[in-house]
Structure formats: C-alpha cells, structure tokens
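What follows is the content of final_33.cif (mmCIF, C-alpha atoms).
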data_coords
loop_
_atom_site.group_PDB
_atom_site.id
_atom_site.type_symbol
_atom_site.label_atom_id
_atom_site.label_comp_id
_atom_site.auth_asym_id
_atom_site.auth_seq_id
_atom_site.Cartn_x
_atom_site.Cartn_y
_atom_site.Cartn_z
ATOM 1 C CA MET A 196 19.645 3.007 10.684
ATOM 2 C CA SER A 197 20.746 0.319 8.235
ATOM 3 C CA LYS A 198 18.507 -0.958 5.495
ATOM 4 C CA VAL A 199 16.486 -4.087 6.253
ATOM 5 C CA ASP A 200 17.534 -7.666 5.661
ATOM 6 C CA HIS A 201 15.062 -9.554 3.514
ATOM 7 C CA GLY A 202 14.751 -12.774 1.560
ATOM 8 C CA GLU A 203 13.504 -11.374 -1.730
ATOM 9 C CA ARG A 204 15.991 -9.994 -4.244
ATOM 10 C CA ARG A 205 15.175 -6.360 -4.941
ATOM 11 C CA SER A 206 15.810 -4.399 -8.095
ATOM 12 C CA ARG A 207 16.792 -0.739 -7.794
ATOM 13 C CA LEU A 208 16.281 2.445 -9.750
ATOM 14 C CA ARG A 209 18.070 5.732 -9.282
ATOM 15 C CA LEU A 210 15.384 8.445 -9.177
ATOM 16 C CA GLU A 211 15.540 12.156 -8.448
ATOM 17 C CA HIS A 212 15.256 11.644 -4.672
ATOM 18 C CA GLY A 213 17.732 8.750 -4.550
ATOM 19 C CA GLU A 214 17.413 4.989 -4.908
ATOM 20 C CA LEU A 215 14.082 3.157 -5.002
ATOM 21 C CA SER A 216 13.963 -0.608 -4.471
ATOM 22 C CA PHE A 217 11.221 -2.872 -5.796
ATOM 23 C CA LEU A 218 10.205 -6.410 -6.710
ATOM 24 C CA HIS A 219 9.181 -7.305 -10.259
ATOM 25 C CA ALA A 220 7.432 -10.390 -11.613
ATOM 26 C CA GLY A 221 5.177 -11.663 -14.365
ATOM 27 C CA ARG A 222 4.008 -10.846 -17.857
ATOM 28 C CA GLY A 223 0.722 -9.297 -18.929
ATOM 29 C CA ALA A 224 -1.281 -6.239 -17.945
ATOM 30 C CA PRO A 225 0.988 -3.752 -16.090
ATOM 31 C CA VAL A 226 0.257 -3.310 -12.373
ATOM 32 C CA VAL A 227 2.112 -1.228 -9.763
ATOM 33 C CA LEU A 228 1.554 -2.274 -6.132
ATOM 34 C CA PHE A 229 1.840 0.143 -3.202
ATOM 35 C CA HIS A 230 2.050 -1.386 0.298
ATOM 36 C CA GLY A 231 0.690 -0.145 3.616
ATOM 37 C CA LEU A 232 2.277 1.643 6.568
ATOM 38 C CA ASN A 233 3.717 -1.504 8.164
ATOM 39 C CA GLY A 234 4.477 -3.286 4.915
ATOM 40 C CA ASN A 235 7.070 -3.316 2.175
ATOM 41 C CA ALA A 236 7.369 -4.851 -1.282
ATOM 42 C CA GLU A 237 7.277 -8.333 0.253
ATOM 43 C CA SER A 238 3.710 -7.715 1.422
ATOM 44 C CA TRP A 239 2.710 -8.601 -2.148
ATOM 45 C CA ARG A 240 4.768 -11.802 -2.412
ATOM 46 C CA TYR A 241 1.692 -14.010 -2.963
ATOM 47 C CA GLN A 242 0.329 -11.774 -5.706
ATOM 48 C CA LEU A 243 3.764 -11.613 -7.356
ATOM 49 C CA HIS A 244 3.817 -15.410 -7.370
ATOM 50 C CA ASP A 245 0.197 -16.337 -8.029
ATOM 51 C CA LEU A 246 -0.641 -13.761 -10.698
ATOM 52 C CA ALA A 247 2.610 -13.794 -12.686
ATOM 53 C CA GLY A 248 0.938 -15.577 -15.583
ATOM 54 C CA GLU A 249 -1.616 -12.786 -16.057
ATOM 55 C CA LEU A 250 -0.052 -9.569 -14.805
ATOM 56 C CA GLU A 251 3.302 -7.834 -14.987
ATOM 57 C CA MET A 252 3.783 -6.448 -11.482
ATOM 58 C CA TRP A 253 6.103 -3.985 -9.810
ATOM 59 C CA ALA A 254 5.857 -3.799 -5.994
ATOM 60 C CA TRP A 255 7.756 -0.818 -4.629
ATOM 61 C CA ASP A 256 9.387 -0.242 -1.292
ATOM 62 C CA ALA A 257 7.987 3.191 -0.475
ATOM 63 C CA PRO A 258 10.593 5.867 0.293
ATOM 64 C CA GLY A 259 12.204 4.948 3.600
ATOM 65 C CA TYR A 260 11.130 1.296 3.370
ATOM 66 C CA GLY A 261 13.084 -1.757 2.271
ATOM 67 C CA ASP A 262 16.180 -0.461 0.499
ATOM 68 C CA SER A 263 14.564 2.781 -0.702
ATOM 69 C CA ASP A 264 15.937 6.184 0.260
ATOM 70 C CA ILE A 265 13.685 8.611 2.135
ATOM 71 C CA ALA A 266 11.856 11.364 0.237
ATOM 72 C CA GLY A 267 9.998 14.103 2.100
ATOM 73 C CA GLU A 268 7.122 13.816 4.546
ATOM 74 C CA THR A 269 3.963 14.711 2.618
ATOM 75 C CA LEU A 270 1.611 12.640 0.511
ATOM 76 C CA ASP A 271 2.559 14.687 -2.528
ATOM 77 C CA ASP A 272 6.222 13.855 -1.898
ATOM 78 C CA LEU A 273 5.371 10.140 -2.007
ATOM 79 C CA ALA A 274 3.117 10.565 -5.037
ATOM 80 C CA ARG A 275 5.785 12.405 -7.007
ATOM 81 C CA VAL A 276 8.260 9.587 -6.391
ATOM 82 C CA ALA A 277 5.577 7.115 -7.472
ATOM 83 C CA ILE A 278 4.917 9.070 -10.665
ATOM 84 C CA GLU A 279 8.614 9.135 -11.568
ATOM 85 C CA PHE A 280 8.849 5.410 -10.808
ATOM 86 C CA ILE A 281 5.880 4.582 -13.033
ATOM 87 C CA LYS A 282 7.234 6.648 -15.915
ATOM 88 C CA ARG A 283 10.568 4.849 -15.681
ATOM 89 C CA ILE A 284 9.217 1.281 -15.656
ATOM 90 C CA ALA A 285 6.257 1.335 -18.059
ATOM 91 C CA PRO A 286 5.715 2.935 -21.473
ATOM 92 C CA GLY A 287 2.015 3.664 -21.079
ATOM 93 C CA PRO A 288 -0.849 3.751 -18.559
ATOM 94 C CA VAL A 289 -0.655 1.216 -15.738
ATOM 95 C CA ASN A 290 -3.044 -0.228 -13.200
ATOM 96 C CA LEU A 291 -2.455 0.809 -9.597
ATOM 97 C CA VAL A 292 -3.178 -1.301 -6.517
ATOM 98 C CA GLY A 293 -2.775 0.616 -3.270
ATOM 99 C CA HIS A 294 -3.274 -0.894 0.169
ATOM 100 C CA SER A 295 -3.994 1.356 3.190
ATOM 101 C CA MET A 296 -1.232 4.022 3.076
ATOM 102 C CA GLY A 297 -0.493 2.848 -0.467
ATOM 103 C CA GLY A 298 -4.098 3.574 -1.385
ATOM 104 C CA LEU A 299 -3.607 7.238 -0.557
ATOM 105 C CA VAL A 300 -0.471 7.288 -2.720
ATOM 106 C CA ALA A 301 -2.369 5.626 -5.573
ATOM 107 C CA MET A 302 -5.269 8.079 -5.294
ATOM 108 C CA ARG A 303 -2.924 11.050 -5.317
ATOM 109 C CA VAL A 304 -1.134 9.733 -8.393
ATOM 110 C CA ALA A 305 -4.503 9.325 -10.129
ATOM 111 C CA MET A 306 -5.370 12.936 -9.283
ATOM 112 C CA LEU A 307 -2.040 14.452 -10.306
ATOM 113 C CA GLU A 308 -1.424 12.359 -13.439
ATOM 114 C CA PRO A 309 -4.730 10.837 -14.594
ATOM 115 C CA GLY A 310 -3.212 9.788 -17.911
ATOM 116 C CA LEU A 311 -0.866 7.397 -16.103
ATOM 117 C CA VAL A 312 -3.642 5.340 -14.526
ATOM 118 C CA GLN A 313 -5.733 2.808 -16.409
ATOM 119 C CA ARG A 314 -7.560 1.253 -13.451
ATOM 120 C CA LEU A 315 -7.295 1.792 -9.727
ATOM 121 C CA VAL A 316 -7.701 -0.682 -6.861
ATOM 122 C CA LEU A 317 -8.038 0.808 -3.378
ATOM 123 C CA SER A 318 -7.555 -1.856 -0.727
ATOM 124 C CA CYS A 319 -8.500 -1.275 2.922
ATOM 125 C CA THR A 320 -7.900 2.460 2.677
ATOM 126 C CA HIS A 321 -9.440 5.892 3.225
ATOM 127 C CA PRO A 322 -8.995 9.492 2.015
ATOM 128 C CA GLY A 323 -6.705 10.558 4.887
ATOM 129 C CA HIS A 324 -7.216 11.758 8.433
ATOM 130 C CA GLY A 325 -7.022 15.467 7.622
ATOM 131 C CA LEU A 326 -5.390 16.511 10.869
ATOM 132 C CA SER A 327 -4.032 19.942 9.956
ATOM 133 C CA GLY A 328 -2.689 20.930 13.359
ATOM 134 C CA ALA A 329 0.862 19.787 13.985
ATOM 135 C CA ALA A 330 0.096 18.813 17.579
ATOM 136 C CA ALA A 331 -2.790 16.522 16.618
ATOM 137 C CA SER A 332 -0.976 14.760 13.815
ATOM 138 C CA ASP A 333 2.294 14.522 15.720
ATOM 139 C CA GLN A 334 0.624 12.915 18.720
ATOM 140 C CA ARG A 335 -0.868 10.138 16.625
ATOM 141 C CA TYR A 336 2.211 9.269 14.630
ATOM 142 C CA GLN A 337 4.773 9.846 17.389
ATOM 143 C CA ARG A 338 3.251 7.071 19.473
ATOM 144 C CA ARG A 339 3.736 4.561 16.666
ATOM 145 C CA LEU A 340 7.222 5.864 15.969
ATOM 146 C CA ARG A 341 8.239 5.509 19.622
ATOM 147 C CA GLU A 342 7.090 1.890 19.589
ATOM 148 C CA LEU A 343 9.153 1.180 16.503
ATOM 149 C CA GLN A 344 12.245 2.848 17.960
ATOM 150 C CA GLU A 345 11.985 1.411 21.469
ATOM 151 C CA LEU A 346 10.618 -2.109 21.036
ATOM 152 C CA PRO A 347 12.623 -5.049 19.687
ATOM 153 C CA GLY A 348 11.693 -5.631 16.032
ATOM 154 C CA PRO A 349 9.861 -8.937 16.602
ATOM 155 C CA VAL A 350 7.812 -7.441 19.448
ATOM 156 C CA TYR A 351 6.840 -4.445 17.323
ATOM 157 C CA GLY A 352 5.933 -6.751 14.440
ATOM 158 C CA GLU A 353 3.706 -8.939 16.595
ATOM 159 C CA ARG A 354 1.966 -5.897 18.060
ATOM 160 C CA ARG A 355 1.195 -4.579 14.574
ATOM 161 C CA ALA A 356 0.011 -7.989 13.396
ATOM 162 C CA ARG A 357 -2.445 -8.207 16.308
ATOM 163 C CA GLY A 358 -3.857 -4.829 15.309
ATOM 164 C CA MET A 359 -4.182 -5.777 11.644
ATOM 165 C CA LEU A 360 -5.576 -9.312 11.842
ATOM 166 C CA PRO A 361 -8.693 -10.951 13.297
ATOM 167 C CA ALA A 362 -8.202 -12.991 16.467
ATOM 168 C CA ASN A 363 -8.717 -16.233 14.512
ATOM 169 C CA ALA A 364 -6.123 -15.471 11.836
ATOM 170 C CA ASP A 365 -4.022 -18.320 10.493
ATOM 171 C CA PRO A 366 -0.834 -18.494 12.617
ATOM 172 C CA ALA A 367 1.295 -18.646 9.457
ATOM 173 C CA VAL A 368 -0.311 -15.426 8.197
ATOM 174 C CA PHE A 369 0.225 -13.797 11.598
ATOM 175 C CA ARG A 370 3.918 -14.700 11.527
ATOM 176 C CA GLU A 371 4.351 -13.340 8.004
ATOM 177 C CA VAL A 372 2.576 -10.041 8.731
ATOM 178 C CA ALA A 373 4.634 -9.674 11.923
ATOM 179 C CA ARG A 374 7.877 -10.499 10.096
ATOM 180 C CA ILE A 375 7.309 -7.799 7.500
ATOM 181 C CA ALA A 376 6.152 -5.192 10.033
ATOM 182 C CA ALA A 377 9.300 -5.870 12.074
ATOM 183 C CA GLN A 378 11.387 -4.678 9.102
ATOM 184 C CA SER A 379 9.910 -1.163 9.266
ATOM 185 C CA ARG A 380 12.455 1.652 9.377
ATOM 186 C CA PRO A 381 11.662 4.636 11.642
ATOM 187 C CA GLU A 382 12.813 7.175 9.069
ATOM 188 C CA GLY A 383 10.369 5.799 6.496
ATOM 189 C CA MET A 384 7.421 4.808 8.649
ATOM 190 C CA GLY A 385 7.534 8.047 10.627
ATOM 191 C CA ARG A 386 7.359 10.217 7.519
ATOM 192 C CA ALA A 387 4.663 8.073 5.914
ATOM 193 C CA ALA A 388 2.544 8.095 9.070
ATOM 194 C CA LEU A 389 2.781 11.871 9.239
ATOM 195 C CA ALA A 390 1.804 12.137 5.566
ATOM 196 C CA ILE A 391 -1.400 10.124 5.954
ATOM 197 C CA GLN A 392 -2.340 11.858 9.218
ATOM 198 C CA ARG A 393 -2.217 15.234 7.487
ATOM 199 C CA ALA A 394 -3.616 14.188 4.092
ATOM 200 C CA SER A 395 -7.218 14.971 3.200
ATOM 201 C CA LEU A 396 -8.292 13.808 -0.246
ATOM 202 C CA GLN A 397 -12.057 13.650 0.229
ATOM 203 C CA ALA A 398 -12.801 16.975 -1.472
ATOM 204 C CA GLU A 399 -10.736 15.970 -4.513
ATOM 205 C CA LEU A 400 -12.008 12.454 -5.114
ATOM 206 C CA SER A 401 -13.977 13.595 -8.173
ATOM 207 C CA ARG A 402 -10.616 14.215 -9.871
ATOM 208 C CA ILE A 403 -10.087 10.457 -10.078
ATOM 209 C CA LEU A 404 -11.099 9.502 -13.600
ATOM 210 C CA ALA A 405 -9.923 5.890 -13.701
ATOM 211 C CA PRO A 406 -12.416 3.079 -13.109
ATOM 212 C CA SER A 407 -11.875 2.156 -9.473
ATOM 213 C CA LEU A 408 -12.423 -0.818 -7.177
ATOM 214 C CA VAL A 409 -12.659 -0.419 -3.395
ATOM 215 C CA ILE A 410 -11.897 -3.558 -1.352
ATOM 216 C CA THR A 411 -12.878 -3.780 2.317
ATOM 217 C CA GLY A 412 -12.774 -6.496 4.973
ATOM 218 C CA ASP A 413 -15.528 -6.779 7.537
ATOM 219 C CA GLN A 414 -12.996 -7.642 10.276
ATOM 220 C CA ASP A 415 -10.704 -4.715 9.420
ATOM 221 C CA ARG A 416 -10.325 -2.465 12.467
ATOM 222 C CA VAL A 417 -7.761 -0.182 10.804
ATOM 223 C CA ALA A 418 -9.737 0.909 7.729
ATOM 224 C CA PRO A 419 -13.285 -0.410 8.047
ATOM 225 C CA LEU A 420 -16.070 0.259 5.570
ATOM 226 C CA SER A 421 -17.057 3.417 7.457
ATOM 227 C CA LYS A 422 -13.673 4.965 6.573
ATOM 228 C CA ALA A 423 -13.920 3.781 2.947
ATOM 229 C CA GLU A 424 -17.423 5.134 2.352
ATOM 230 C CA PRO A 425 -16.179 8.566 1.168
ATOM 231 C CA LEU A 426 -14.378 6.755 -1.652
ATOM 232 C CA LEU A 427 -17.581 5.021 -2.702
ATOM 233 C CA ASN A 428 -19.450 8.323 -2.619
ATOM 234 C CA GLY A 429 -16.782 10.552 -4.142
ATOM 235 C CA ILE A 430 -15.204 8.581 -7.008
ATOM 236 C CA ALA A 431 -17.355 8.722 -10.126
ATOM 237 C CA ASP A 432 -16.665 5.263 -11.603
ATOM 238 C CA VAL A 433 -16.388 2.970 -8.591
ATOM 239 C CA ARG A 434 -17.411 -0.468 -7.464
ATOM 240 C CA HIS A 435 -17.033 -2.256 -4.120
ATOM 241 C CA VAL A 436 -15.975 -5.755 -3.057
ATOM 242 C CA ALA A 437 -16.465 -6.685 0.611
ATOM 243 C CA LEU A 438 -14.439 -9.681 1.812
ATOM 244 C CA ASP A 439 -16.197 -11.358 4.717
ATOM 245 C CA GLY A 440 -14.092 -12.610 7.600
ATOM 246 C CA LEU A 441 -10.937 -10.732 6.649
ATOM 247 C CA GLY A 442 -8.992 -8.002 8.392
ATOM 248 C CA HIS A 443 -6.346 -5.509 7.310
ATOM 249 C CA ALA A 444 -4.112 -7.906 5.345
ATOM 250 C CA PRO A 445 -6.574 -9.647 2.982
ATOM 251 C CA TYR A 446 -3.855 -10.104 0.333
ATOM 252 C CA MET A 447 -2.342 -12.685 2.728
ATOM 253 C CA GLU A 448 -5.317 -13.788 4.813
ATOM 254 C CA ASP A 449 -7.192 -15.194 1.796
ATOM 255 C CA ARG A 450 -5.075 -14.734 -1.296
ATOM 256 C CA ARG A 451 -7.494 -16.730 -3.462
ATOM 257 C CA ARG A 452 -10.431 -14.383 -2.881
ATOM 258 C CA TYR A 453 -8.249 -11.279 -2.933
ATOM 259 C CA ASN A 454 -6.509 -12.275 -6.158
ATOM 260 C CA ALA A 455 -9.834 -13.139 -7.769
ATOM 261 C CA ALA A 456 -11.120 -9.646 -6.948
ATOM 262 C CA LEU A 457 -7.997 -8.124 -8.498
ATOM 263 C CA THR A 458 -8.016 -10.114 -11.704
ATOM 264 C CA ASP A 459 -11.768 -9.888 -12.200
ATOM 265 C CA PHE A 460 -11.504 -6.119 -12.120
ATOM 266 C CA LEU A 461 -8.148 -5.504 -13.775
ATOM 267 C CA LEU A 462 -8.602 -7.972 -16.624
ATOM 268 C CA ARG A 463 -12.290 -7.482 -17.388
ATOM 269 C CA ARG A 464 -12.901 -6.195 -20.875
ATOM 270 C CA ASP A 465 -15.098 -3.325 -19.675
ATOM 271 C CA ALA A 466 -14.169 -2.006 -16.243
ATOM 272 C CA SER A 467 -17.070 0.426 -16.190
ATOM 273 C CA GLY A 468 -19.715 -2.131 -16.988
#
Kindly present the structure from the file in structure tokens form.
Amino acid sequence: MSKVDHGERRSRLRLEHGELSFLHAGRGAPVVLFHGLNGNAESWRYQLHDLAGELEMWAWDAPGYGDSDIAGETLDDLARVAIEFIKRIAPGPVNLVGHSMGGLVAMRVAMLEPGLVQRLVLSCTHPGHGLSGAAASDQRYQRRLRELQELPGPVYGERRARGMLPANADPAVFREVARIAAQSRPEGMGRAALAIQRASLQAELSRILAPSLVITGDQDRVAPLSKAEPLLNGIADVRHVALDGLGHAPYMEDRRRYNAALTDFLLRRDASG
C-alpha cells in the first residue's frame, strides 16, 4: 500500500529499521509526541501550532504510519524505534507525551531508558490488554484491520471518529479526527493494534521514575478512567487531570484545556510538588 497523502510537510530520519517521518515545531523545552492507534503526526497539529513559543516538539509517525516504514509487531519493537529517534533528535532528556497507543510506547521507553525521560504525560491510555493467547489478541485486532482494508477510507475514518468522540462533538473536530483516521495504513495499524493487545505493563509500572501526568476524559469510551487507574496506582510520582465533557481526542476537542494541562505540568519548576 502506498504511503498516505497529507497536508503537513514531514521531515524524515533514516533509522536502523528504515525511514521515520515526523513533524517538528517550536523552541523551548523538548517534547516528543506519540499519537494513538488511529492517528498520525498530524493528530498533534494544534499543539505544534499553539505551543511553539514554549516547547520544541517532535511528533512522530509511528512505524507503519504516515511516511514511516514498518518495524516489528511488539511494543518493545515500537519502543526501540522511539528510543533511537529520541537519541537522534535531542542531546539530553526529553519530555514524552503519549496518547492511547502512544502512551504505551512512552511508558515502555521510560522503563527501558529512564535517563531519556524528564517528564511523562500519559493521555487517555492504559497499561495494555495483556491478551497472551494468539487467538484472543488476533480476534480483537483482526476485526479492526478488516474494516480498514475493506471499507473506503472516509467511511472507516467516520466510524473511528464516532467511537472516539462524544455525540455532541464539534462537527469540525469530528471531520478532522475522521480525516486523520482515514489515512491509517493496514500494515502499520495492524501491527500496532496487535502490540497493544498483547502488551501488559501493569506489573512494571514502578520502573517509571519520571514525574508523570495522567490525563483522562469523562466521555472517553476507549480508555476511560477505569482503564487508567492502574497507572495512578502503579507509578510512584504521578498526578491526574480529568477533563470533563471530553472523549478520546481531547487534544482536538478542547485544545485550550488540554494545552494548559500540558504546559502546567511540563513547564512547572517542580514537577513533583
């Protein structure tokens, strides 16, 4: 399948697995942004625009998304690409912001390379489904993969947007979430879905040393507070921001409140206070 068409100009790096595409903007505290299962680097377009005066941001296209080459099918495969990416773009520790699937990648990076991570934001995410049997995990991700392969892109995108957003979502936000989801590539989304179905990080959450912020939305049906609670119980230095009225794309649904939560945490003088 060909790479996606998109309006934002990507940069590219040649890494061990192949090429990785990303968007870059801003000056200030370094932040790497990891999107969700039906996202790509453009999911963060409002943050890249609104926060460019305070943060230097790199938003990756995960392996198999955007213009990035595929790289394995486990969470550790994704995390190792992320670690190489971070080491190539920044000279010292960075802040990580991971949404949904990207939150699992960010957590795994923080476990494997704690010295790389200054602060950690976990947005609408969970520690993995922990389905070890191939049949169980395959059944869950194969259904989504079949939809992506068989449905026209716009239809798939609208279906995913309905699952991510509250019924009263702004129509412009709905169209943007659907547009980005429609760009999903089966070879990337299928591998990423399998990775998060099989991942189980709950027992290792104490390995996360970075001060962490967990963001939830009370209208999020994909990763509600009940799925995020293990993060609040298992990460030693953690705080929680609940965004009322928002679903699974709060970075678009209410960028003002979401961005305020990011900057308040990432730029505060004492993150553990």
Could you check which residues have any atom within 9 Å of (-11.1, 0.8, -15.7), counting only C-alpha atoms with coordinates taken straight from the file, and then list them as a VMD selection string? chain A and resid 290 312 to 315 404 to 408 432 460 to 461 463 to 467
Could you give me, as CSV, a per-residue list for stretch 426-451 of chain A showing, wherever an atom lies at most 12 Å from an atom of stretch 379-396 of chain A, the closest pair of atoms and their distance in Å to one decimal, using all atoms listed in the file and sorting by chain then residue number from low to high?
residue,atom,partner,partner_atom,distance
A:Leu426,CA,A:Leu396,CA,9.4
A:Gly429,CA,A:Leu396,CA,9.9
A:Ile430,CA,A:Leu396,CA,11.0
Once the PyMOL selection byres ((chain A and resi 261) around 10) has been applied to the shown file, what residues remain in the selection, as an MDAnalysis selection string? chainID A and resid 197:201 205 215:217 234:237 255:260 262:264 375 378:380 383
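Here the question is which of A:Val226, A:Arg374, A:Tyr453, A:Ile403 gets nearest to A:Val433 using all atoms listed in the file, and that residue is A:Ile403.
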Hey, which of A:Leu299, A:Leu340, A:Leu400, A:Ala437 ends up closest to A:Ala456? Count only C-alpha atoms. A:Ala437
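Of the residues listed (A:Glu211, A:Glu353, A:Glu342, A:Glu399), A:Glu211 shows the shortest atom-to-atom separation from A:Ala266; distances use all atoms listed in the file.
You will find atom CA of A:Leu307 at 11.8 Å from atom CA of A:Asp272.
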Selected by the PyMOL selection byres ((chain A and resi 416) around 9) in the shown coordinates: which residues, as number ranges by chain? A: 358-361, 412-415, 417-419, 442-443
First collect every listed atom of stretch 227-235 of chain A; then fit an axis-aligned box around them, widen it by 4 Å on each side, and give centre and edge lengths in Å to one decimal, as JSON.
{"center_x": 3.9, "center_y": -0.8, "center_z": -0.8, "size_x": 14.4, "size_y": 13.0, "size_z": 25.9}
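Atom to atom, atom CA of A:Pro366 and atom CA of A:Tyr446 stand 15.2 Å apart.
Between atom CA of A:Glu345 and atom CA of A:Ser295 there is a distance of 24.3 Å.
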I'd like the contact shell of A:Ala301 - 8 Å cut-off, only C-alpha atoms, skipping same-chain residues fewer than 2 positions apart - returned as JSON, numbers by chain. {"A": [229, 274, 291, 292, 293, 297, 298, 299, 303, 304, 305, 315, 317]}
Proximity to A:Gln397 - best of A:Arg451, A:His244, A:His324, A:His230, only C-alpha atoms: A:His324
Quick check on the file I pasted: which residues fall under the PyMOL selection byres ((chain A and resi 251) around 10)? Write them as a PyMOL selection string. chain A and resi 219-227+243+246-250+252-253+289
Nearest to A:Ile278 among A:Met296, A:Glu308, A:Asp365, A:Arg338, with distances taken over only C-alpha atoms: which residue is it? A:Glu308
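Among A:Leu343, A:Leu208, A:Ala364, A:Leu228, the residue with the shortest atom-to-atom distance to A:Leu441, counting all atoms listed in the file, is A:Ala364.
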Close residues, A:Val368 itself excluded, 9 Å, all atoms listed in the file, min 5 positions apart in chain, as a PDB file with C-alpha atoms, keeping the file's coordinate frame:
ATOM      1  CA  LEU A 360      -5.576  -9.312  11.842  1.00  0.00           C
ATOM      2  CA  ALA A 373       4.634  -9.674  11.923  1.00  0.00           C
ATOM      3  CA  ALA A 444      -4.112  -7.906   5.345  1.00  0.00           C
ATOM      4  CA  MET A 447      -2.342 -12.685   2.728  1.00  0.00           C
ATOM      5  CA  GLU A 448      -5.317 -13.788   4.813  1.00  0.00           C
TER       6      GLU A 448
END
